[in-house]
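Chemist: Mind having a look at this structure? Questions to follow.
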Amino acid sequence: MFKPLPVVMAGLLALAGCESGSQPDGQAGARDAAPAVPPEVVQQKVQAARGAIKDFAGALKGELKAALKSGGPAKAIEVCHTRAPEITAQVAMEQGMMLRRVSLKNRNPNNAARGWVKEVLEDFEQKKAAGADPKTLEFQQVVSEDGKPVLRYVKAIPTQKLCLTCHGSDLPEDVAAKLKALYPEDKATGFKVGDIRGAFVVEAPL
């Protein structure tokens, strides 16, 4: 269960924040074949990854709702800008895994999907176009890092109605201004309910 901390060390933000990963995605293909891991061990880690994502999403959603109530959408953007990396790092530290968010239409340039993650998201989009429910889209793979098995897990993030306040097509003027100030390279608008807004990515040792 997520337990908020007043301060999250900068080193953890660099390690597990939503603005960085364990290594550039483009290098992922160079990894060796993974050692054999019992299926039950893999599934236990997959369940832990799902739990970490649920903890993160629940904690951030709660803070965003509170910010919307107290200061409106512009305030919520500020909260997301500052708290999302902190919550990500906190959950990642508690679970002992890498956790981040990525997108084909990213808000933060550091969260752009690249390499194998980009391929997974493109596959998700193809499956959605063929009729799949984004809520069901996930990917898992075991690879080797330095001779040790590592789980890769990706879960699609469906666009919900609440998301449209800051990610939709017709943004309020104050929201557009705040986004321009905080994210001058923002690509994460124009979404509709049910679109794939991005994905959670977990990398965890087995």
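In the structure tokens, each chain is lettered A, B, ... as it comes, each chain's residues begin at 1, and ligands are numbered from 1 in order of appearance.
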Which residues come within 12 Å of Lys187 (chain A), counting only C-alpha atoms, excluding same-chain residues fewer than 2 positions away, as a PyMOL selection string?
Modeler: chain A and resi 103-109+111-112+166-169+179-180+183-185+189-191+197-198
Chemist: If you run DSSP on the backbone here, which positions in region 18-146 of chain A get helix (DSSP H, G or I)? Please write them as an NGL selection string.
Modeler: :A and (25-30 or 39-95 or 109-111 or 115-129 or 134-136)
Chemist: Quote the spacing between CA of Lys118 (chain A) and CA of Val42 (chain A) in Å to one decimal place.
Modeler: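 Pair CA of Lys118 (chain A) / CA of Val42 (chain A) returns 22.7 Å.
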Chemist: Tell me which protein, DNA and RNA residues are within 12 Å of Glu125 (chain A), counting only C-alpha atoms, leaving out same-chain ones fewer than 4 positions away, and put them as a list in words.
Modeler: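 The contact residues come out as Ser103, Leu104, Lys118, Glu119, Val120, Leu121, Ala129, Ala130, Gly131, Ala132, Asp133, Pro134, Leu137, Glu138, Ala156, Ile157, Pro158, Gly194, Asp195, Ile196, Arg197, Gly198 and Ala199 of chain A.
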Chemist: As an MDAnalysis selection string, which residues of region 18-145 of chain A does DSSP assign to strand (DSSP E)?
Modeler: chainID A and resid 98:102 138:145
Chemist: What is the CA of Gly147 (chain A)-CA of Ala49 (chain A) distance in Å, reported with one decimal?
Modeler: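 So the two atoms, CA of Gly147 (chain A) and CA of Ala49 (chain A), lie 21.5 Å apart.
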Chemist: Name the residues in contact with Ala84 (chain A) at a cut-off of 8 Å, using only C-alpha atoms, excluding same-chain residues fewer than 4 positions from it; report them as a PyMOL selection string.
Modeler: chain A and resi 18+60+79-80+88
Chemist: For the residues in that selection, give me N, CA and C atoms as an mmCIF file, in the first residue's frame.
Modeler:
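In the end it all went to out.cif:
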```cif
data_model
loop_
_atom_site.group_PDB
_atom_site.id
_atom_site.type_symbol
_atom_site.label_atom_id
_atom_site.label_comp_id
_atom_site.auth_asym_id
_atom_site.auth_seq_id
_atom_site.Cartn_x
_atom_site.Cartn_y
_atom_site.Cartn_z
ATOM 1 N N CYS A 18 8.961 8.911 -13.204
ATOM 2 C CA CYS A 18 8.342 8.691 -14.508
ATOM 3 C C CYS A 18 9.100 9.407 -15.603
ATOM 4 N N LEU A 60 -2.155 9.007 -7.072
ATOM 5 C CA LEU A 60 -2.157 10.209 -7.899
ATOM 6 C C LEU A 60 -3.573 10.691 -8.164
ATOM 7 N N VAL A 79 -0.033 19.855 -9.521
ATOM 8 C CA VAL A 79 0.113 18.695 -8.645
ATOM 9 C C VAL A 79 0.687 17.517 -9.423
ATOM 10 N N CYS A 80 0.155 17.294 -10.623
ATOM 11 C CA CYS A 80 0.659 16.189 -11.440
ATOM 12 C C CYS A 80 2.129 16.407 -11.797
ATOM 13 N N THR A 88 5.703 8.042 -8.054
ATOM 14 C CA THR A 88 6.316 6.969 -8.827
ATOM 15 C C THR A 88 7.534 6.417 -8.103
#
```
Chemist: Please provide as an NGL selection string all residues within 8 Å of Val193 (chain A), with the sequence filter that same-chain residues fewer than 4 positions apart are discarded (counting only C-alpha atoms).
Modeler: :A and (158-161 or 164)
Chemist: Provide the CA of Lys155 (chain A) to CA of Gly51 (chain A) distance in Å, to one decimal place.
Modeler: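 Separation of CA of Lys155 (chain A) and CA of Gly51 (chain A): 11.7 Å.
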